[in-house]
file run_20.cif (mmCIF, C-alpha atoms and all ligand atoms)
data_input
#
loop_
_atom_site.group_PDB
_atom_site.id
_atom_site.type_symbol
_atom_site.label_atom_id
_atom_site.label_comp_id
_atom_site.auth_asym_id
_atom_site.auth_seq_id
_atom_site.Cartn_x
_atom_site.Cartn_y
_atom_site.Cartn_z
ATOM 1 C CA MET A 193 39.829 21.701 -4.794
ATOM 2 C CA SER A 194 41.193 19.618 -7.613
ATOM 3 C CA LEU A 195 39.948 20.047 -11.148
ATOM 4 C CA ASP A 196 39.213 16.371 -11.501
ATOM 5 C CA THR A 197 36.428 16.401 -8.930
ATOM 6 C CA LEU A 198 33.934 13.840 -10.079
ATOM 7 C CA THR A 199 30.525 15.065 -11.059
ATOM 8 C CA ARG A 200 27.429 13.377 -12.264
ATOM 9 C CA MET A 201 24.219 14.633 -13.791
ATOM 10 C CA ILE A 202 20.932 13.594 -12.310
ATOM 11 C CA LEU A 203 17.292 14.505 -12.572
ATOM 12 C CA VAL A 204 15.455 15.769 -9.563
ATOM 13 C CA GLU A 205 12.997 12.979 -10.176
ATOM 14 C CA ASP A 206 15.768 10.489 -9.630
ATOM 15 C CA LEU A 207 16.159 11.873 -6.166
ATOM 16 C CA VAL A 208 12.700 12.800 -5.125
ATOM 17 C CA ASP A 209 9.580 10.968 -6.054
ATOM 18 C CA ARG A 210 6.632 13.301 -6.367
ATOM 19 C CA VAL A 211 7.472 15.314 -3.365
ATOM 20 C CA LYS A 212 5.153 18.026 -2.270
ATOM 21 C CA GLY A 213 6.580 20.956 -0.422
ATOM 22 C CA ARG A 214 10.225 21.535 0.154
ATOM 23 C CA LEU A 215 12.417 19.327 -2.008
ATOM 24 C CA LEU A 216 15.520 20.112 -0.065
ATOM 25 C CA ASP A 217 14.159 18.607 3.114
ATOM 26 C CA LYS A 218 14.079 15.229 1.394
ATOM 27 C CA LEU A 219 17.637 15.476 0.187
ATOM 28 C CA VAL A 220 19.783 17.199 2.725
ATOM 29 C CA ASN A 221 19.611 16.412 6.416
ATOM 30 C CA ASN A 222 22.002 19.031 7.650
ATOM 31 C CA GLN A 223 21.091 22.302 5.966
ATOM 32 C CA THR A 224 23.235 24.552 8.102
ATOM 33 C CA LEU A 225 26.509 23.236 6.704
ATOM 34 C CA VAL A 226 27.439 24.864 3.407
ATOM 35 C CA TYR A 227 30.531 23.765 1.511
ATOM 36 C CA ARG A 228 31.611 26.136 -1.238
ATOM 37 C CA LYS A 229 34.309 23.638 -2.113
ATOM 38 C CA VAL A 230 34.087 19.879 -2.076
ATOM 39 C CA PRO A 231 34.105 18.666 1.541
ATOM 40 C CA SER A 232 37.224 16.743 2.483
ATOM 41 C CA HIS A 233 35.166 14.052 4.127
ATOM 42 C CA CYS A 234 31.598 13.074 4.872
ATOM 43 C CA LYS A 235 30.215 14.360 8.154
ATOM 44 C CA GLU A 236 28.167 11.197 8.492
ATOM 45 C CA CYS A 237 30.524 8.341 7.739
ATOM 46 C CA ASN A 238 33.887 10.088 7.404
ATOM 47 C CA SER A 239 34.383 8.785 3.878
ATOM 48 C CA ASP A 240 36.423 10.989 1.563
ATOM 49 C CA SER A 241 34.526 9.853 -1.535
ATOM 50 C CA ILE A 242 32.537 13.017 -2.106
ATOM 51 C CA VAL A 243 31.232 13.817 -5.564
ATOM 52 C CA GLY A 244 29.651 16.930 -6.973
ATOM 53 C CA VAL A 245 26.080 16.569 -8.143
ATOM 54 C CA GLU A 246 24.703 18.544 -11.074
ATOM 55 C CA ILE A 247 20.978 18.662 -11.509
ATOM 56 C CA MET A 248 19.461 18.989 -14.940
ATOM 57 C CA GLY A 249 17.202 22.015 -15.215
ATOM 58 C CA ALA A 250 18.863 23.735 -12.294
ATOM 59 C CA LYS A 251 21.788 26.113 -12.569
ATOM 60 C CA SER A 252 24.752 24.662 -14.413
ATOM 61 C CA GLY A 253 27.584 23.278 -12.392
ATOM 62 C CA ILE A 254 27.590 21.479 -9.115
ATOM 63 C CA LEU A 255 24.575 22.184 -6.930
ATOM 64 C CA LEU A 256 25.062 19.599 -4.208
ATOM 65 C CA TRP A 257 27.704 17.291 -2.844
ATOM 66 C CA GLU A 258 27.045 13.630 -2.275
ATOM 67 C CA CYS A 259 28.904 11.023 -0.270
ATOM 68 C CA GLU A 260 29.385 8.000 -2.489
ATOM 69 C CA ASP A 261 29.565 5.687 0.464
ATOM 70 C CA CYS A 262 26.529 6.572 2.528
ATOM 71 C CA GLY A 263 24.559 8.752 0.112
ATOM 72 C CA GLU A 264 24.456 11.706 2.453
ATOM 73 C CA MET A 265 24.040 15.014 0.618
ATOM 74 C CA PHE A 266 25.566 18.341 1.499
ATOM 75 C CA LEU A 267 24.870 21.899 0.447
ATOM 76 C CA LYS A 268 27.099 23.983 -1.791
ATOM 77 C CA TYR A 269 24.813 27.002 -1.590
ATOM 78 C CA ASN A 270 22.593 28.075 1.228
ATOM 79 C CA ALA A 271 19.340 26.229 1.718
ATOM 80 C CA ASP A 272 17.085 28.865 0.173
ATOM 81 C CA ILE A 273 19.141 29.180 -2.999
ATOM 82 C CA THR A 274 19.373 25.428 -3.356
ATOM 83 C CA GLU A 275 15.650 25.003 -2.911
ATOM 84 C CA ILE A 276 14.930 27.581 -5.615
ATOM 85 C CA GLU A 277 17.218 25.724 -8.003
ATOM 86 C CA LEU A 278 15.600 22.398 -7.195
ATOM 87 C CA GLN A 279 12.165 23.849 -7.799
ATOM 88 C CA LYS A 280 13.334 25.188 -11.179
ATOM 89 C CA ALA A 281 14.579 21.747 -12.065
ATOM 90 C CA LYS A 282 11.292 20.227 -11.029
ATOM 91 C CA ASP A 283 9.392 22.544 -13.365
ATOM 92 C CA PHE A 284 11.844 21.897 -16.157
ATOM 93 C CA TRP A 285 11.370 18.150 -16.013
ATOM 94 C CA THR A 286 7.693 18.167 -15.228
ATOM 95 C CA ASN A 287 7.288 14.508 -15.961
ATOM 96 C CA PRO A 288 9.900 12.749 -18.067
ATOM 97 C CA ARG A 289 7.988 9.505 -17.759
ATOM 98 C CA ASP A 290 5.158 10.974 -19.795
ATOM 99 C CA TRP A 291 7.416 11.492 -22.798
ATOM 100 C CA GLY A 292 7.449 7.770 -23.321
ATOM 101 C CA TYR A 293 7.044 6.332 -26.728
ATOM 102 C CA ILE A 294 6.389 8.661 -29.642
ATOM 103 C CA PRO A 295 4.599 6.951 -32.549
ATOM 104 C CA LYS A 296 6.516 6.996 -35.818
ATOM 105 C CA SER A 297 3.683 8.833 -37.551
ATOM 106 C CA LYS A 298 4.485 11.887 -35.472
ATOM 107 C CA PHE A 299 7.819 12.184 -37.258
ATOM 108 C CA SER A 300 6.508 12.234 -40.834
HETATM 109 ZN ZN ZN B 1 29.126 9.338 4.020
#

call {"tool": "encode", "arguments": {"input": "run_20.cif", "output": "structure tokens", "more": "lines below"}}
Ligand SMILES: [Zn+2]
result
Amino acid sequence: MSLDTLTRMILVEDLVDRVKGRLLDKLVNNQTLVYRKVPSHCKECNSDSIVGVEIMGAKSGILLWECEDCGEMFLKYNADITEIELQKAKDFWTNPRDWGYIPKSKFS
């Protein structure tokens, strides 16, 4: 695995919109494949444009892999571990949209 593997930071809410139940089921179709290192190619479309995905609020570092071409996601850790991390992230960013505008008076 090269050191220049691309990563990007995303919020769980960017991926999953108000999902109830298991977050992972909405993200990763094939949960039996686990890639400790970046997959050489996408199992779906054979593209080799795989990026690491970091999720804010979850453990630091790459949590999932994503194919840039077809959007397919792949596991780096087993499904249970990944789900726990996603749930942590969900709690962490309960509802970023509610932060919204803070009136200036609040800063005085
Ligand atoms: Zn793909």

call {"tool": "closest_residue", "arguments": {"input": "run_20.cif", "among": "A:Ala271, A:Ile202, A:Ala281, A:Met265", "to": "Cys234 (chain A)", "atoms": "all atoms listed in the file"}}
result
A:Met265

call {"tool": "residues_near_ligand", "arguments": {"input": "run_20.cif", "ligand": "ligand ZN 1 (chain B)", "cutoff": "12 Å", "atoms": "only C-alpha atoms and all ligand atoms", "output": "PyMOL selection string"}}
result
chain A and resi 231-243+257-266

call {"tool": "resolve_selection", "arguments": {"input": "run_20.cif", "expression": "the PyMOL selection byres (((chain A and resi 220-227) around 6) and not hetatm)", "output": "PyMOL selection string"}}
result
chain A and resi 216-217+219+228-229+265+267-268

call {"tool": "resolve_selection", "arguments": {"input": "run_20.cif", "expression": "the PyMOL selection byres (((chain A and resi 276) around 12) and not hetatm)", "output": "number ranges by chain"}}
result
A: 213-216, 249-251, 255, 269-275, 277-283

call {"tool": "write_last_selection", "arguments": {"input": "run_20.cif", "atoms": "C-alpha atoms", "output": "PDB file, in the coordinates of the input"}}
result
ATOM      1  CA  GLY A 213       6.580  20.956  -0.422  1.00  0.00           C
ATOM      2  CA  ARG A 214      10.225  21.535   0.154  1.00  0.00           C
ATOM      3  CA  LEU A 215      12.417  19.327  -2.008  1.00  0.00           C
ATOM      4  CA  LEU A 216      15.520  20.112  -0.065  1.00  0.00           C
ATOM      5  CA  GLY A 249      17.202  22.015 -15.215  1.00  0.00           C
ATOM      6  CA  ALA A 250      18.863  23.735 -12.294  1.00  0.00           C
ATOM      7  CA  LYS A 251      21.788  26.113 -12.569  1.00  0.00           C
ATOM      8  CA  LEU A 255      24.575  22.184  -6.930  1.00  0.00           C
ATOM      9  CA  TYR A 269      24.813  27.002  -1.590  1.00  0.00           C
ATOM     10  CA  ASN A 270      22.593  28.075   1.228  1.00  0.00           C
ATOM     11  CA  ALA A 271      19.340  26.229   1.718  1.00  0.00           C
ATOM     12  CA  ASP A 272      17.085  28.865   0.173  1.00  0.00           C
ATOM     13  CA  ILE A 273      19.141  29.180  -2.999  1.00  0.00           C
ATOM     14  CA  THR A 274      19.373  25.428  -3.356  1.00  0.00           C
ATOM     15  CA  GLU A 275      15.650  25.003  -2.911  1.00  0.00           C
ATOM     16  CA  GLU A 277      17.218  25.724  -8.003  1.00  0.00           C
ATOM     17  CA  LEU A 278      15.600  22.398  -7.195  1.00  0.00           C
ATOM     18  CA  GLN A 279      12.165  23.849  -7.799  1.00  0.00           C
ATOM     19  CA  LYS A 280      13.334  25.188 -11.179  1.00  0.00           C
ATOM     20  CA  ALA A 281      14.579  21.747 -12.065  1.00  0.00           C
ATOM     21  CA  LYS A 282      11.292  20.227 -11.029  1.00  0.00           C
ATOM     22  CA  ASP A 283       9.392  22.544 -13.365  1.00  0.00           C
TER      23      ASP A 283
END

call {"tool": "axis_aligned_box", "arguments": {"input": "run_20.cif", "around": "region 247-262 of chain A", "padding_each_side": "6 Å", "output": "JSON"}}
result
{"center_x": 23.4, "center_y": 15.9, "center_z": -6.3, "size_x": 24.4, "size_y": 32.4, "size_z": 29.7}

call {"tool": "residues_around", "arguments": {"input": "run_20.cif", "residues": "Gly244 (chain A)", "least_positions_apart": "6", "cutoff": "8 Å", "atoms": "only C-alpha atoms", "output": "short mmCIF file (atom, residue, chain, number, x, y, z; two decimals) with C-alpha atoms, in the frame of the given file"}}
result
data_model
loop_
_atom_site.label_atom_id
_atom_site.label_comp_id
_atom_site.auth_asym_id
_atom_site.auth_seq_id
_atom_site.Cartn_x
_atom_site.Cartn_y
_atom_site.Cartn_z
CA THR A 197 36.43 16.40 -8.93
CA LEU A 198 33.93 13.84 -10.08
CA THR A 199 30.52 15.06 -11.06
CA ARG A 200 27.43 13.38 -12.26
CA VAL A 230 34.09 19.88 -2.08
CA ILE A 254 27.59 21.48 -9.12
CA LEU A 255 24.58 22.18 -6.93
CA LEU A 256 25.06 19.60 -4.21
CA TRP A 257 27.70 17.29 -2.84
CA GLU A 258 27.04 13.63 -2.28
#

call {"tool": "decode", "arguments": {"input": "run_20.cif", "residues": "region 217-266 of chain A", "atoms": "N, CA and C atoms", "output": "PDB file, in the first residue's frame"}}
result
ATOM      1  N   ASP A 217     -25.599  -1.477   6.602  1.00  0.00           N
ATOM      2  CA  ASP A 217     -26.381  -2.107   5.537  1.00  0.00           C
ATOM      3  C   ASP A 217     -26.697  -1.138   4.403  1.00  0.00           C
ATOM      4  N   LYS A 218     -26.694   0.154   4.726  1.00  0.00           N
ATOM      5  CA  LYS A 218     -26.986   1.154   3.700  1.00  0.00           C
ATOM      6  C   LYS A 218     -25.738   1.516   2.905  1.00  0.00           C
ATOM      7  N   LEU A 219     -24.598   1.185   3.458  1.00  0.00           N
ATOM      8  CA  LEU A 219     -23.352   1.637   2.841  1.00  0.00           C
ATOM      9  C   LEU A 219     -22.619   0.562   2.064  1.00  0.00           C
ATOM     10  N   VAL A 220     -22.563  -0.600   2.670  1.00  0.00           N
ATOM     11  CA  VAL A 220     -21.714  -1.648   2.106  1.00  0.00           C
ATOM     12  C   VAL A 220     -22.563  -2.843   1.702  1.00  0.00           C
ATOM     13  N   ASN A 221     -22.530  -3.166   0.430  1.00  0.00           N
ATOM     14  CA  ASN A 221     -23.323  -4.293  -0.059  1.00  0.00           C
ATOM     15  C   ASN A 221     -22.704  -5.627   0.314  1.00  0.00           C
ATOM     16  N   ASN A 222     -21.425  -5.739   0.071  1.00  0.00           N
ATOM     17  CA  ASN A 222     -20.753  -6.997   0.371  1.00  0.00           C
ATOM     18  C   ASN A 222     -19.985  -6.871   1.684  1.00  0.00           C
ATOM     19  N   GLN A 223     -20.551  -7.418   2.749  1.00  0.00           N
ATOM     20  CA  GLN A 223     -19.955  -7.244   4.068  1.00  0.00           C
ATOM     21  C   GLN A 223     -19.097  -8.428   4.489  1.00  0.00           C
ATOM     22  N   THR A 224     -18.882  -9.348   3.579  1.00  0.00           N
ATOM     23  CA  THR A 224     -18.018 -10.477   3.922  1.00  0.00           C
ATOM     24  C   THR A 224     -16.583 -10.223   3.462  1.00  0.00           C
ATOM     25  N   LEU A 225     -16.420  -9.312   2.503  1.00  0.00           N
ATOM     26  CA  LEU A 225     -15.081  -8.964   2.055  1.00  0.00           C
ATOM     27  C   LEU A 225     -14.503  -7.898   2.971  1.00  0.00           C
ATOM     28  N   VAL A 226     -13.328  -8.157   3.509  1.00  0.00           N
ATOM     29  CA  VAL A 226     -12.653  -7.184   4.365  1.00  0.00           C
ATOM     30  C   VAL A 226     -11.256  -6.950   3.804  1.00  0.00           C
ATOM     31  N   TYR A 227     -10.955  -5.697   3.528  1.00  0.00           N
ATOM     32  CA  TYR A 227      -9.645  -5.351   2.967  1.00  0.00           C
ATOM     33  C   TYR A 227      -8.849  -4.556   3.994  1.00  0.00           C
ATOM     34  N   ARG A 228      -7.853  -5.186   4.593  1.00  0.00           N
ATOM     35  CA  ARG A 228      -7.023  -4.445   5.546  1.00  0.00           C
ATOM     36  C   ARG A 228      -6.211  -3.364   4.825  1.00  0.00           C
ATOM     37  N   LYS A 229      -5.852  -3.662   3.603  1.00  0.00           N
ATOM     38  CA  LYS A 229      -5.150  -2.671   2.785  1.00  0.00           C
ATOM     39  C   LYS A 229      -6.035  -2.289   1.617  1.00  0.00           C
ATOM     40  N   VAL A 230      -5.729  -1.155   1.029  1.00  0.00           N
ATOM     41  CA  VAL A 230      -6.576  -0.658  -0.060  1.00  0.00           C
ATOM     42  C   VAL A 230      -6.705  -1.715  -1.162  1.00  0.00           C
ATOM     43  N   PRO A 231      -7.927  -2.022  -1.564  1.00  0.00           N
ATOM     44  CA  PRO A 231      -8.130  -3.033  -2.610  1.00  0.00           C
ATOM     45  C   PRO A 231      -7.486  -2.581  -3.922  1.00  0.00           C
ATOM     46  N   SER A 232      -6.954  -3.510  -4.661  1.00  0.00           N
ATOM     47  CA  SER A 232      -6.288  -3.133  -5.913  1.00  0.00           C
ATOM     48  C   SER A 232      -7.297  -2.708  -6.971  1.00  0.00           C
ATOM     49  N   HIS A 233      -8.489  -3.254  -6.872  1.00  0.00           N
ATOM     50  CA  HIS A 233      -9.523  -2.835  -7.817  1.00  0.00           C
ATOM     51  C   HIS A 233     -10.902  -3.075  -7.210  1.00  0.00           C
ATOM     52  N   CYS A 234     -11.877  -2.434  -7.789  1.00  0.00           N
ATOM     53  CA  CYS A 234     -13.252  -2.537  -7.318  1.00  0.00           C
ATOM     54  C   CYS A 234     -13.867  -3.854  -7.767  1.00  0.00           C
ATOM     55  N   LYS A 235     -14.484  -4.546  -6.823  1.00  0.00           N
ATOM     56  CA  LYS A 235     -15.133  -5.819  -7.149  1.00  0.00           C
ATOM     57  C   LYS A 235     -16.328  -5.633  -8.066  1.00  0.00           C
ATOM     58  N   GLU A 236     -16.900  -4.442  -8.049  1.00  0.00           N
ATOM     59  CA  GLU A 236     -18.086  -4.176  -8.849  1.00  0.00           C
ATOM     60  C   GLU A 236     -17.748  -3.822 -10.293  1.00  0.00           C
ATOM     61  N   CYS A 237     -16.895  -2.814 -10.440  1.00  0.00           N
ATOM     62  CA  CYS A 237     -16.671  -2.274 -11.793  1.00  0.00           C
ATOM     63  C   CYS A 237     -15.228  -2.432 -12.254  1.00  0.00           C
ATOM     64  N   ASN A 238     -14.395  -3.039 -11.409  1.00  0.00           N
ATOM     65  CA  ASN A 238     -13.009  -3.304 -11.782  1.00  0.00           C
ATOM     66  C   ASN A 238     -12.118  -2.062 -11.842  1.00  0.00           C
ATOM     67  N   SER A 239     -12.648  -0.930 -11.475  1.00  0.00           N
ATOM     68  CA  SER A 239     -11.843   0.289 -11.462  1.00  0.00           C
ATOM     69  C   SER A 239     -10.728   0.164 -10.420  1.00  0.00           C
ATOM     70  N   ASP A 240      -9.606   0.830 -10.662  1.00  0.00           N
ATOM     71  CA  ASP A 240      -8.563   0.815  -9.632  1.00  0.00           C
ATOM     72  C   ASP A 240      -8.509   2.148  -8.885  1.00  0.00           C
ATOM     73  N   SER A 241      -9.540   2.953  -9.029  1.00  0.00           N
ATOM     74  CA  SER A 241      -9.607   4.226  -8.304  1.00  0.00           C
ATOM     75  C   SER A 241     -10.318   4.034  -6.969  1.00  0.00           C
ATOM     76  N   ILE A 242      -9.584   3.467  -6.019  1.00  0.00           N
ATOM     77  CA  ILE A 242     -10.164   3.225  -4.702  1.00  0.00           C
ATOM     78  C   ILE A 242      -9.579   4.226  -3.720  1.00  0.00           C
ATOM     79  N   VAL A 243     -10.425   4.881  -2.962  1.00  0.00           N
ATOM     80  CA  VAL A 243      -9.939   5.831  -1.971  1.00  0.00           C
ATOM     81  C   VAL A 243     -10.336   5.365  -0.574  1.00  0.00           C
ATOM     82  N   GLY A 244      -9.536   5.769   0.398  1.00  0.00           N
ATOM     83  CA  GLY A 244      -9.877   5.512   1.780  1.00  0.00           C
ATOM     84  C   GLY A 244     -10.854   6.567   2.274  1.00  0.00           C
ATOM     85  N   VAL A 245     -11.784   6.153   3.084  1.00  0.00           N
ATOM     86  CA  VAL A 245     -12.785   7.080   3.606  1.00  0.00           C
ATOM     87  C   VAL A 245     -12.652   7.170   5.124  1.00  0.00           C
ATOM     88  N   GLU A 246     -12.416   8.391   5.612  1.00  0.00           N
ATOM     89  CA  GLU A 246     -12.415   8.622   7.052  1.00  0.00           C
ATOM     90  C   GLU A 246     -13.747   9.221   7.430  1.00  0.00           C
ATOM     91  N   ILE A 247     -14.250   8.829   8.568  1.00  0.00           N
ATOM     92  CA  ILE A 247     -15.545   9.335   8.995  1.00  0.00           C
ATOM     93  C   ILE A 247     -15.392  10.110  10.288  1.00  0.00           C
ATOM     94  N   MET A 248     -15.810  11.353  10.258  1.00  0.00           N
ATOM     95  CA  MET A 248     -15.669  12.197  11.440  1.00  0.00           C
ATOM     96  C   MET A 248     -16.510  11.643  12.582  1.00  0.00           C
ATOM     97  N   GLY A 249     -15.896  11.579  13.769  1.00  0.00           N
ATOM     98  CA  GLY A 249     -16.607  11.052  14.925  1.00  0.00           C
ATOM     99  C   GLY A 249     -16.360   9.576  15.135  1.00  0.00           C
ATOM    100  N   ALA A 250     -15.907   8.906  14.098  1.00  0.00           N
ATOM    101  CA  ALA A 250     -15.526   7.501  14.236  1.00  0.00           C
ATOM    102  C   ALA A 250     -14.033   7.449  14.539  1.00  0.00           C
ATOM    103  N   LYS A 251     -13.491   6.250  14.622  1.00  0.00           N
ATOM    104  CA  LYS A 251     -12.068   6.130  14.906  1.00  0.00           C
ATOM    105  C   LYS A 251     -11.264   6.872  13.850  1.00  0.00           C
ATOM    106  N   SER A 252     -10.085   7.376  14.239  1.00  0.00           N
ATOM    107  CA  SER A 252      -9.304   8.123  13.269  1.00  0.00           C
ATOM    108  C   SER A 252      -8.670   7.170  12.272  1.00  0.00           C
ATOM    109  N   GLY A 253      -8.434   7.680  11.108  1.00  0.00           N
ATOM    110  CA  GLY A 253      -7.894   6.863  10.037  1.00  0.00           C
ATOM    111  C   GLY A 253      -9.000   6.345   9.148  1.00  0.00           C
ATOM    112  N   ILE A 254      -8.588   5.590   8.179  1.00  0.00           N
ATOM    113  CA  ILE A 254      -9.538   5.088   7.187  1.00  0.00           C
ATOM    114  C   ILE A 254     -10.453   4.031   7.805  1.00  0.00           C
ATOM    115  N   LEU A 255     -11.735   4.193   7.606  1.00  0.00           N
ATOM    116  CA  LEU A 255     -12.700   3.217   8.115  1.00  0.00           C
ATOM    117  C   LEU A 255     -13.289   2.372   6.988  1.00  0.00           C
ATOM    118  N   LEU A 256     -13.409   2.984   5.829  1.00  0.00           N
ATOM    119  CA  LEU A 256     -13.990   2.275   4.683  1.00  0.00           C
ATOM    120  C   LEU A 256     -13.200   2.606   3.423  1.00  0.00           C
ATOM    121  N   TRP A 257     -13.380   1.785   2.437  1.00  0.00           N
ATOM    122  CA  TRP A 257     -12.834   2.081   1.107  1.00  0.00           C
ATOM    123  C   TRP A 257     -13.990   2.420   0.183  1.00  0.00           C
ATOM    124  N   GLU A 258     -13.738   3.315  -0.747  1.00  0.00           N
ATOM    125  CA  GLU A 258     -14.790   3.645  -1.703  1.00  0.00           C
ATOM    126  C   GLU A 258     -14.235   3.687  -3.117  1.00  0.00           C
ATOM    127  N   CYS A 259     -14.987   3.093  -4.032  1.00  0.00           N
ATOM    128  CA  CYS A 259     -14.635   3.163  -5.447  1.00  0.00           C
ATOM    129  C   CYS A 259     -15.075   4.523  -5.980  1.00  0.00           C
ATOM    130  N   GLU A 260     -14.133   5.258  -6.540  1.00  0.00           N
ATOM    131  CA  GLU A 260     -14.464   6.589  -7.036  1.00  0.00           C
ATOM    132  C   GLU A 260     -15.312   6.538  -8.293  1.00  0.00           C
ATOM    133  N   ASP A 261     -15.275   5.429  -8.969  1.00  0.00           N
ATOM    134  CA  ASP A 261     -16.014   5.342 -10.221  1.00  0.00           C
ATOM    135  C   ASP A 261     -17.469   4.947 -10.028  1.00  0.00           C
ATOM    136  N   CYS A 262     -17.710   3.925  -9.218  1.00  0.00           N
ATOM    137  CA  CYS A 262     -19.097   3.477  -9.091  1.00  0.00           C
ATOM    138  C   CYS A 262     -19.683   3.747  -7.708  1.00  0.00           C
ATOM    139  N   GLY A 263     -18.838   4.200  -6.763  1.00  0.00           N
ATOM    140  CA  GLY A 263     -19.354   4.544  -5.449  1.00  0.00           C
ATOM    141  C   GLY A 263     -19.522   3.367  -4.516  1.00  0.00           C
ATOM    142  N   GLU A 264     -19.164   2.202  -4.982  1.00  0.00           N
ATOM    143  CA  GLU A 264     -19.252   1.011  -4.135  1.00  0.00           C
ATOM    144  C   GLU A 264     -18.322   1.170  -2.931  1.00  0.00           C
ATOM    145  N   MET A 265     -18.782   0.727  -1.762  1.00  0.00           N
ATOM    146  CA  MET A 265     -17.953   0.815  -0.563  1.00  0.00           C
ATOM    147  C   MET A 265     -17.545  -0.567  -0.087  1.00  0.00           C
ATOM    148  N   PHE A 266     -16.351  -0.606   0.490  1.00  0.00           N
ATOM    149  CA  PHE A 266     -15.808  -1.878   0.960  1.00  0.00           C
ATOM    150  C   PHE A 266     -15.303  -1.728   2.390  1.00  0.00           C
TER     151      PHE A 266
END
